[in-house]
Structures are given as C-alpha cells and as structure tokens.
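Pasted below: input_16.csv, CSV, N, CA and C atoms.
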chain,number,residue,atom,x,y,z
T,122,MET,N,13.7,17.3,9.2
T,122,MET,CA,12.4,17.0,8.7
T,122,MET,C,11.5,18.1,9.0
T,123,LYS,N,10.6,18.4,8.0
T,123,LYS,CA,9.6,19.4,8.2
T,123,LYS,C,8.2,18.8,8.2
T,124,ILE,N,7.2,19.5,8.7
T,124,ILE,CA,5.8,19.0,8.7
T,124,ILE,C,5.3,18.7,7.3
T,125,ALA,N,5.8,19.5,6.3
T,125,ALA,CA,5.4,19.3,4.9
T,125,ALA,C,5.9,17.9,4.4
T,126,ASP,N,6.8,17.3,5.0
T,126,ASP,CA,7.3,16.0,4.5
T,126,ASP,C,6.4,14.8,4.9
T,127,LEU,N,5.4,15.1,5.7
T,127,LEU,CA,4.4,14.1,6.1
T,127,LEU,C,3.3,14.0,5.0
T,128,ARG,N,3.5,13.1,4.0
T,128,ARG,CA,2.7,13.1,2.9
T,128,ARG,C,1.8,11.8,2.7
T,129,GLU,N,2.0,10.9,3.6
T,129,GLU,CA,1.3,9.6,3.5
T,129,GLU,C,0.2,9.5,4.6
T,130,ARG,N,-1.0,9.1,4.2
T,130,ARG,CA,-2.1,9.0,5.1
T,130,ARG,C,-2.1,7.5,5.7
T,131,ILE,N,-2.0,7.4,7.0
T,131,ILE,CA,-2.0,6.1,7.7
T,131,ILE,C,-3.1,6.0,8.7
T,132,SER,N,-3.5,4.8,9.0
T,132,SER,CA,-4.5,4.5,10.0
T,132,SER,C,-3.8,3.7,11.1
T,133,VAL,N,-3.9,4.1,12.3
T,133,VAL,CA,-3.4,3.3,13.5
T,133,VAL,C,-4.5,2.5,14.0
T,134,ARG,N,-4.3,1.2,14.0
T,134,ARG,CA,-5.4,0.3,14.4
T,134,ARG,C,-5.0,-0.6,15.6
T,135,ASN,N,-6.0,-1.1,16.3
T,135,ASN,CA,-5.7,-2.0,17.5
T,135,ASN,C,-6.9,-3.0,17.6
T,136,TYR,N,-6.7,-4.0,18.4
T,136,TYR,CA,-7.7,-5.0,18.6
T,136,TYR,C,-8.2,-5.0,20.0
T,137,ILE,N,-9.5,-5.2,20.2
T,137,ILE,CA,-10.1,-5.4,21.5
T,137,ILE,C,-10.4,-6.9,21.5
T,138,THR,N,-9.8,-7.6,22.5
T,138,THR,CA,-10.1,-9.0,22.6
T,138,THR,C,-10.9,-9.3,23.8
T,139,GLN,N,-11.9,-10.3,23.6
T,139,GLN,CA,-12.6,-10.8,24.8
T,139,GLN,C,-12.1,-12.2,25.1
T,140,ARG,N,-11.9,-12.4,26.4
T,140,ARG,CA,-11.3,-13.8,26.8
T,140,ARG,C,-12.3,-14.4,27.8
T,141,ASN,N,-12.2,-15.7,27.8
T,141,ASN,CA,-13.0,-16.5,28.8
T,141,ASN,C,-12.2,-16.6,30.1
T,142,GLU,N,-12.7,-17.4,31.0
T,142,GLU,CA,-12.0,-17.5,32.3
T,142,GLU,C,-10.7,-18.2,32.2
T,143,ARG,N,-10.5,-19.0,31.2
T,143,ARG,CA,-9.2,-19.7,31.0
T,143,ARG,C,-8.2,-18.9,30.2
T,144,GLY,N,-8.6,-17.7,29.7
T,144,GLY,CA,-7.7,-16.9,28.9
T,144,GLY,C,-7.8,-17.1,27.4
T,145,ASP,N,-8.6,-18.0,27.0
T,145,ASP,CA,-8.8,-18.2,25.5
T,145,ASP,C,-9.5,-17.0,24.9
T,146,ILE,N,-9.1,-16.6,23.7
T,146,ILE,CA,-9.7,-15.5,23.0
T,146,ILE,C,-11.0,-16.0,22.4
T,147,LEU,N,-12.1,-15.3,22.8
T,147,LEU,CA,-13.4,-15.6,22.2
T,147,LEU,C,-13.6,-14.9,20.9
T,148,ASN,N,-13.3,-13.6,20.9
T,148,ASN,CA,-13.4,-12.8,19.6
T,148,ASN,C,-12.5,-11.6,19.7
T,149,ALA,N,-12.1,-11.1,18.6
T,149,ALA,CA,-11.3,-9.9,18.5
T,149,ALA,C,-11.9,-8.9,17.6
T,150,THR,N,-12.1,-7.7,18.0
T,150,THR,CA,-12.7,-6.6,17.2
T,150,THR,C,-11.6,-5.6,16.9
T,151,GLU,N,-11.5,-5.3,15.6
T,151,GLU,CA,-10.5,-4.3,15.2
T,151,GLU,C,-11.1,-2.9,15.3
T,152,PHE,N,-10.4,-1.9,15.8
T,152,PHE,CA,-10.9,-0.6,15.8
T,152,PHE,C,-9.8,0.4,15.4
T,153,GLU,N,-10.2,1.5,14.8
T,153,GLU,CA,-9.3,2.5,14.3
T,153,GLU,C,-9.0,3.5,15.5
T,154,ARG,N,-7.8,3.6,15.9
T,154,ARG,CA,-7.4,4.5,16.9
T,154,ARG,C,-7.3,5.9,16.4
T,155,CYS,N,-6.7,6.1,15.2
T,155,CYS,CA,-6.6,7.5,14.6
T,155,CYS,C,-6.1,7.4,13.2
T,156,LYS,N,-6.4,8.4,12.4
T,156,LYS,CA,-5.9,8.6,11.1
T,156,LYS,C,-5.0,9.8,11.1
T,157,ILE,N,-3.7,9.6,10.6
T,157,ILE,CA,-2.7,10.7,10.7
T,157,ILE,C,-1.9,10.7,9.5
T,158,TRP,N,-1.2,11.8,9.3
T,158,TRP,CA,-0.2,12.0,8.2
T,158,TRP,C,1.2,11.5,8.7
T,159,ALA,N,1.9,10.9,7.7
T,159,ALA,CA,3.2,10.3,8.1
T,159,ALA,C,4.2,10.4,6.9
T,160,ASN,N,5.4,10.2,7.3
T,160,ASN,CA,6.5,10.1,6.3
T,160,ASN,C,7.0,8.6,6.5
T,161,ILE,N,7.0,7.8,5.4
T,161,ILE,CA,7.4,6.4,5.5
T,161,ILE,C,8.5,6.2,4.5
T,162,ILE,N,9.6,5.6,5.1
T,162,ILE,CA,10.8,5.3,4.3
T,162,ILE,C,11.1,3.8,4.4
T,163,ALA,N,11.3,3.1,3.3
T,163,ALA,CA,11.7,1.7,3.3
T,163,ALA,C,13.2,1.6,3.7
T,164,LEU,N,13.4,0.8,4.8
T,164,LEU,CA,14.8,0.7,5.3
T,164,LEU,C,15.5,-0.6,4.7
T,165,THR,N,14.9,-1.7,4.9
T,165,THR,CA,15.5,-3.0,4.4
T,165,THR,C,14.4,-3.9,3.8
T,166,ALA,N,14.9,-4.8,2.9
T,166,ALA,CA,14.1,-5.8,2.4
T,166,ALA,C,14.8,-7.1,2.4
T,167,LYS,N,14.2,-8.2,3.0
T,167,LYS,CA,14.9,-9.4,3.1
T,167,LYS,C,14.1,-10.5,2.5
T,168,ASN,N,14.7,-11.5,2.0
T,168,ASN,CA,14.1,-12.7,1.5
T,168,ASN,C,14.4,-13.9,2.4
T,169,MET,N,13.4,-14.4,3.1
T,169,MET,CA,13.7,-15.4,4.1
T,169,MET,C,13.4,-16.8,3.6
T,170,ASP,N,14.4,-17.6,3.3
T,170,ASP,CA,14.2,-19.0,2.8
T,170,ASP,C,14.2,-20.0,3.9
T,171,ALA,N,14.6,-19.7,5.1
T,171,ALA,CA,14.8,-20.7,6.2
T,171,ALA,C,13.4,-21.1,6.8
T,172,GLN,N,12.4,-20.3,6.5
T,172,GLN,CA,11.1,-20.6,7.0
T,172,GLN,C,10.5,-21.8,6.2
T,173,PRO,N,9.4,-22.4,6.8
T,173,PRO,CA,8.8,-23.5,6.0
T,173,PRO,C,8.3,-23.0,4.7
T,174,GLU,N,7.9,-21.8,4.6
T,174,GLU,CA,7.5,-21.2,3.3
T,174,GLU,C,8.3,-20.0,3.1
T,175,ARG,N,8.6,-19.6,1.9
T,175,ARG,CA,9.4,-18.5,1.6
T,175,ARG,C,8.6,-17.2,1.9
T,176,THR,N,9.2,-16.3,2.6
T,176,THR,CA,8.6,-15.0,2.9
T,176,THR,C,9.6,-13.9,2.6
T,177,ASN,N,9.0,-12.7,2.3
T,177,ASN,CA,9.7,-11.5,2.1
T,177,ASN,C,9.4,-10.6,3.2
T,178,LYS,N,10.4,-9.9,3.8
T,178,LYS,CA,10.2,-9.0,4.9
T,178,LYS,C,10.7,-7.6,4.5
T,179,ILE,N,9.9,-6.6,4.7
T,179,ILE,CA,10.3,-5.2,4.4
T,179,ILE,C,10.1,-4.4,5.7
T,180,THR,N,11.2,-3.7,6.0
T,180,THR,CA,11.2,-2.8,7.2
T,180,THR,C,11.1,-1.4,6.8
T,181,TYR,N,10.2,-0.6,7.5
T,181,TYR,CA,9.9,0.8,7.2
T,181,TYR,C,10.2,1.6,8.4
T,182,ARG,N,10.6,2.8,8.2
T,182,ARG,CA,10.7,3.8,9.3
T,182,ARG,C,9.5,4.8,9.1
T,183,VAL,N,8.7,4.9,10.1
T,183,VAL,CA,7.5,5.8,10.1
T,183,VAL,C,7.7,7.0,11.0
T,184,THR,N,7.5,8.2,10.5
T,184,THR,CA,7.6,9.4,11.2
T,184,THR,C,6.3,10.1,11.2
T,185,ILE,N,5.8,10.5,12.4
T,185,ILE,CA,4.5,11.2,12.5
T,185,ILE,C,4.7,12.4,13.4
T,186,ARG,N,3.7,13.3,13.4
T,186,ARG,CA,3.7,14.4,14.4
T,186,ARG,C,3.7,13.8,15.8
T,187,TYR,N,4.3,14.5,16.7
T,187,TYR,CA,4.4,14.0,18.1
T,187,TYR,C,3.1,13.6,18.6
T,188,ARG,N,3.0,12.4,19.1
T,188,ARG,CA,1.8,11.8,19.6
T,188,ARG,C,2.2,10.7,20.6
T,189,ASN,N,1.6,10.8,21.8
T,189,ASN,CA,1.8,9.7,22.7
T,189,ASN,C,0.4,9.0,22.7
T,190,GLY,N,0.5,7.7,22.9
T,190,GLY,CA,-0.8,6.9,22.8
T,190,GLY,C,-0.7,5.8,21.7
T,191,ILE,N,0.5,5.8,21.0
T,191,ILE,CA,0.7,4.7,20.0
T,191,ILE,C,1.3,3.6,20.8
T,192,ALA,N,0.6,2.4,20.9
T,192,ALA,CA,1.0,1.3,21.7
T,192,ALA,C,1.8,0.3,20.8
T,193,PRO,N,2.7,-0.4,21.5
T,193,PRO,CA,3.6,-1.4,20.8
T,193,PRO,C,2.8,-2.5,20.1
T,194,ASP,N,1.6,-2.7,20.5
T,194,ASP,CA,0.8,-3.8,19.8
T,194,ASP,C,-0.2,-3.2,18.7
T,195,ASP,N,0.0,-2.0,18.4
T,195,ASP,CA,-0.9,-1.4,17.4
T,195,ASP,C,-0.4,-1.8,16.0
T,196,GLU,N,-1.2,-1.7,15.0
T,196,GLU,CA,-0.9,-2.0,13.6
T,196,GLU,C,-1.1,-0.7,12.8
T,197,ILE,N,-0.3,-0.6,11.8
T,197,ILE,CA,-0.4,0.5,10.9
T,197,ILE,C,-1.0,0.0,9.6
T,198,LEU,N,-2.0,0.7,9.1
T,198,LEU,CA,-2.6,0.4,7.8
T,198,LEU,C,-2.2,1.5,6.8
T,199,TRP,N,-1.4,1.1,5.8
T,199,TRP,CA,-0.9,2.1,4.8
T,199,TRP,C,-1.0,1.5,3.4
T,200,GLN,N,-1.8,2.1,2.6
T,200,GLN,CA,-1.9,1.7,1.2
T,200,GLN,C,-2.3,0.2,1.1
T,201,GLU,N,-3.2,-0.2,2.0
T,201,GLU,CA,-3.7,-1.6,2.1
T,201,GLU,C,-2.6,-2.6,2.5
T,202,ARG,N,-1.6,-2.1,3.1
T,202,ARG,CA,-0.5,-2.9,3.7
T,202,ARG,C,-0.7,-2.8,5.2
T,203,ARG,N,-0.5,-4.0,5.9
T,203,ARG,CA,-0.5,-4.0,7.4
T,203,ARG,C,0.9,-4.1,7.9
T,204,LEU,N,1.3,-3.1,8.7
T,204,LEU,CA,2.6,-3.0,9.2
T,204,LEU,C,2.5,-3.2,10.7
T,205,LYS,N,3.4,-4.0,11.3
T,205,LYS,CA,3.5,-4.3,12.7
T,205,LYS,C,4.7,-3.5,13.3
T,206,LEU,N,4.5,-2.9,14.4
T,206,LEU,CA,5.6,-2.2,15.1
T,206,LEU,C,6.6,-3.1,15.6
T,207,ILE,N,7.9,-2.8,15.3
T,207,ILE,CA,9.0,-3.6,15.8
T,207,ILE,C,9.9,-2.8,16.7
T,208,SER,N,9.7,-1.5,16.9
T,208,SER,CA,10.4,-0.7,17.8
T,208,SER,C,9.4,0.2,18.5
T,209,PRO,N,9.6,0.5,19.8
T,209,PRO,CA,8.7,1.4,20.5
T,209,PRO,C,8.7,2.8,19.9
T,210,PRO,N,7.5,3.4,19.9
T,210,PRO,CA,7.5,4.8,19.4
T,210,PRO,C,8.3,5.7,20.3
T,211,HIS,N,9.1,6.6,19.8
T,211,HIS,CA,9.9,7.5,20.6
T,211,HIS,C,10.0,8.9,20.0
T,212,ASP,N,10.3,9.8,20.8
T,212,ASP,CA,10.4,11.2,20.4
T,212,ASP,C,11.7,11.3,19.6
T,213,LEU,N,11.6,11.9,18.4
T,213,LEU,CA,12.8,12.0,17.5
T,213,LEU,C,14.0,12.7,18.1
T,214,ASP,N,13.7,13.9,18.6
T,214,ASP,CA,14.9,14.7,19.1
T,214,ASP,C,14.7,15.3,20.5
T,215,GLY,N,13.6,14.9,21.2
T,215,GLY,CA,13.4,15.4,22.5
T,215,GLY,C,12.6,16.7,22.6
T,216,ARG,N,12.2,17.2,21.4
T,216,ARG,CA,11.5,18.5,21.4
T,216,ARG,C,10.0,18.3,21.3
T,217,LYS,N,9.5,17.1,21.2
T,217,LYS,CA,8.1,16.8,21.1
T,217,LYS,C,7.5,17.3,19.8
T,218,ILE,N,8.2,17.2,18.7
T,218,ILE,CA,7.7,17.6,17.4
T,218,ILE,C,7.3,16.4,16.6
T,219,PHE,N,8.2,15.3,16.6
T,219,PHE,CA,7.9,14.1,15.8
T,219,PHE,C,8.1,12.9,16.6
T,220,THR,N,7.3,11.9,16.3
T,220,THR,CA,7.4,10.5,16.9
T,220,THR,C,7.8,9.6,15.8
T,221,VAL,N,8.8,8.7,16.1
T,221,VAL,CA,9.3,7.8,15.1
T,221,VAL,C,9.2,6.4,15.6
T,222,PHE,N,8.9,5.4,14.7
T,222,PHE,CA,8.9,4.0,15.1
T,222,PHE,C,9.2,3.2,13.8
T,223,ASP,N,9.8,2.0,14.0
T,223,ASP,CA,10.0,1.1,12.9
T,223,ASP,C,8.9,0.1,12.8
T,224,CYS,N,8.6,-0.3,11.6
T,224,CYS,CA,7.5,-1.3,11.3
T,224,CYS,C,8.0,-2.3,10.4
T,225,GLU,N,7.3,-3.4,10.3
T,225,GLU,CA,7.7,-4.5,9.5
T,225,GLU,C,6.5,-5.1,8.8
T,226,GLU,N,6.7,-5.4,7.5
T,226,GLU,CA,5.6,-6.0,6.7
T,226,GLU,C,6.2,-7.3,6.2
T,227,VAL,N,5.4,-8.4,6.5
T,227,VAL,CA,5.8,-9.7,6.1
T,227,VAL,C,4.9,-10.2,4.9
T,228,ILE,N,5.5,-10.5,3.8
T,228,ILE,CA,4.7,-10.9,2.6
T,228,ILE,C,5.0,-12.3,2.3
T,229,PRO,N,4.0,-13.2,2.4
T,229,PRO,CA,4.3,-14.6,2.0
T,229,PRO,C,4.6,-14.7,0.5
T,230,ASP,N,5.4,-15.7,0.2
T,230,ASP,CA,5.8,-15.9,-1.2
T,230,ASP,C,4.6,-16.2,-2.1
T,231,GLY,N,4.5,-15.5,-3.2
T,231,GLY,CA,3.4,-15.6,-4.1
T,231,GLY,C,2.3,-14.6,-3.9
T,232,ALA,N,2.3,-13.9,-2.7
T,232,ALA,CA,1.3,-12.8,-2.5
T,232,ALA,C,1.8,-11.6,-3.2
T,233,THR,N,0.8,-10.8,-3.7
T,233,THR,CA,1.1,-9.5,-4.3
T,233,THR,C,0.6,-8.4,-3.5

Would you kindly transcribe this structure into structure tokens?
Amino acid sequence: MKIADLRERISVRNYITQRNERGDILNATEFERCKIWANIIALTAKNMDAQPERTNKITYRVTIRYRNGIAPDDEILWQERRLKLISPPHDLDGRKIFTVFDCEEVIPDGAT
C-alpha cells in the first residue's frame, strides 16, 4: 500500500457523556476527534434474518496513516455512513506507516 491509495476522507468521532451519581447518562455530546484520509475496502456483507427486524451488516477494512489515539469506542463517519470499530486499531506491518482497523455498518431493513 502507498500513501497515494488513501483517497477517502473520513471523520473520527467520539462522545463525551455526563453521568449522575448512579451512573445514568444525562447527556452525550458528539465531537470530532480528527479528519483524515483513508483507504476503505468492503470485506463482507450479511443479511441477518434472525433478528426481530431484518438487518444488513457490512464490514469494512479501514487503512489510515499511522496514528495512535484512535479508541475502540470511536465512530467513523464516511460518506454519511456511521461505522463502528469491531477490531482494535493496529500497526499494519510494525513500521509505523499505516494503522488498520475493521469497522461495521448495520443497516435496518428498508433504510437506504
């Protein structure tokens, strides 16, 4: 992979939550951690009928320039799609050039 292969613009987002003394969430504020270039490849697509409602699940592999600070609870916003991390971010080859992680997009049936 080359740096020129990073052609998609993504936004890494996270939530700051405020909790009361019992641990209940009072409010959650979304903030953008960073905007970076990425290479995104669709790995799998599944149709899940066993759920109470039909859902489609798409798994993507996201490659970015090496960056530490991407947390497992972050979300990726890409072309108005929200992707949740399903694997921890890791160094692709140990040379600190690229960071790779897998994400999942769940689409309820009937949503476009």

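Shell of segment 206-213 of chain T at 8 Å, with only C-alpha atoms counted and residues fewer than 6 places along the chain excluded, is T:Tyr187, T:Ile191, T:Ala192, T:Pro193, T:Asp194, T:Asp195, T:Glu196, T:Ile197, T:Phe219, T:Thr220, T:Val221, T:Phe222, T:Asp223, T:Cys224, T:Glu225.
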
Inset, instruction - Check the DSSP output for the backbone and give back, as a PyMOL selection string, the residues of chain T in strand (DSSP E). - result: chain T and resi 129-140+146-169+176-186+196-199+202-206+211-212+219-229

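Counting from atom CA of Ile161 of chain T, the distance to atom CA of Arg182 of chain T is 5.7 Å.
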
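Here atom CA of Lys178 of chain T and atom N of Ile162 of chain T stand 14.6 Å from one another.
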
Inset, instruction - Name the closest residue to Lys156 of chain T among the candidates T:Ile137, T:Leu204, T:Met122, T:Leu198; distances are taken between atoms, counting only C-alpha atoms. - result: T:Leu198

Inset, instruction - Work out how far apart atom C of Arg186 of chain T and atom N of Lys167 of chain T are and give it in Å to one decimal. - result: 27.5 Å

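The closest residue to Ile179 of chain T, picked from T:Asp214, T:Arg128, T:Ile228, T:Cys155 and counting all atoms listed in the file, is T:Ile228.
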
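For the residues T:Phe152, T:Ser132, T:Leu127, T:Arg143, ranking by smallest atom-to-atom distance to Arg202 of chain T using only C-alpha atoms places T:Ser132 first.
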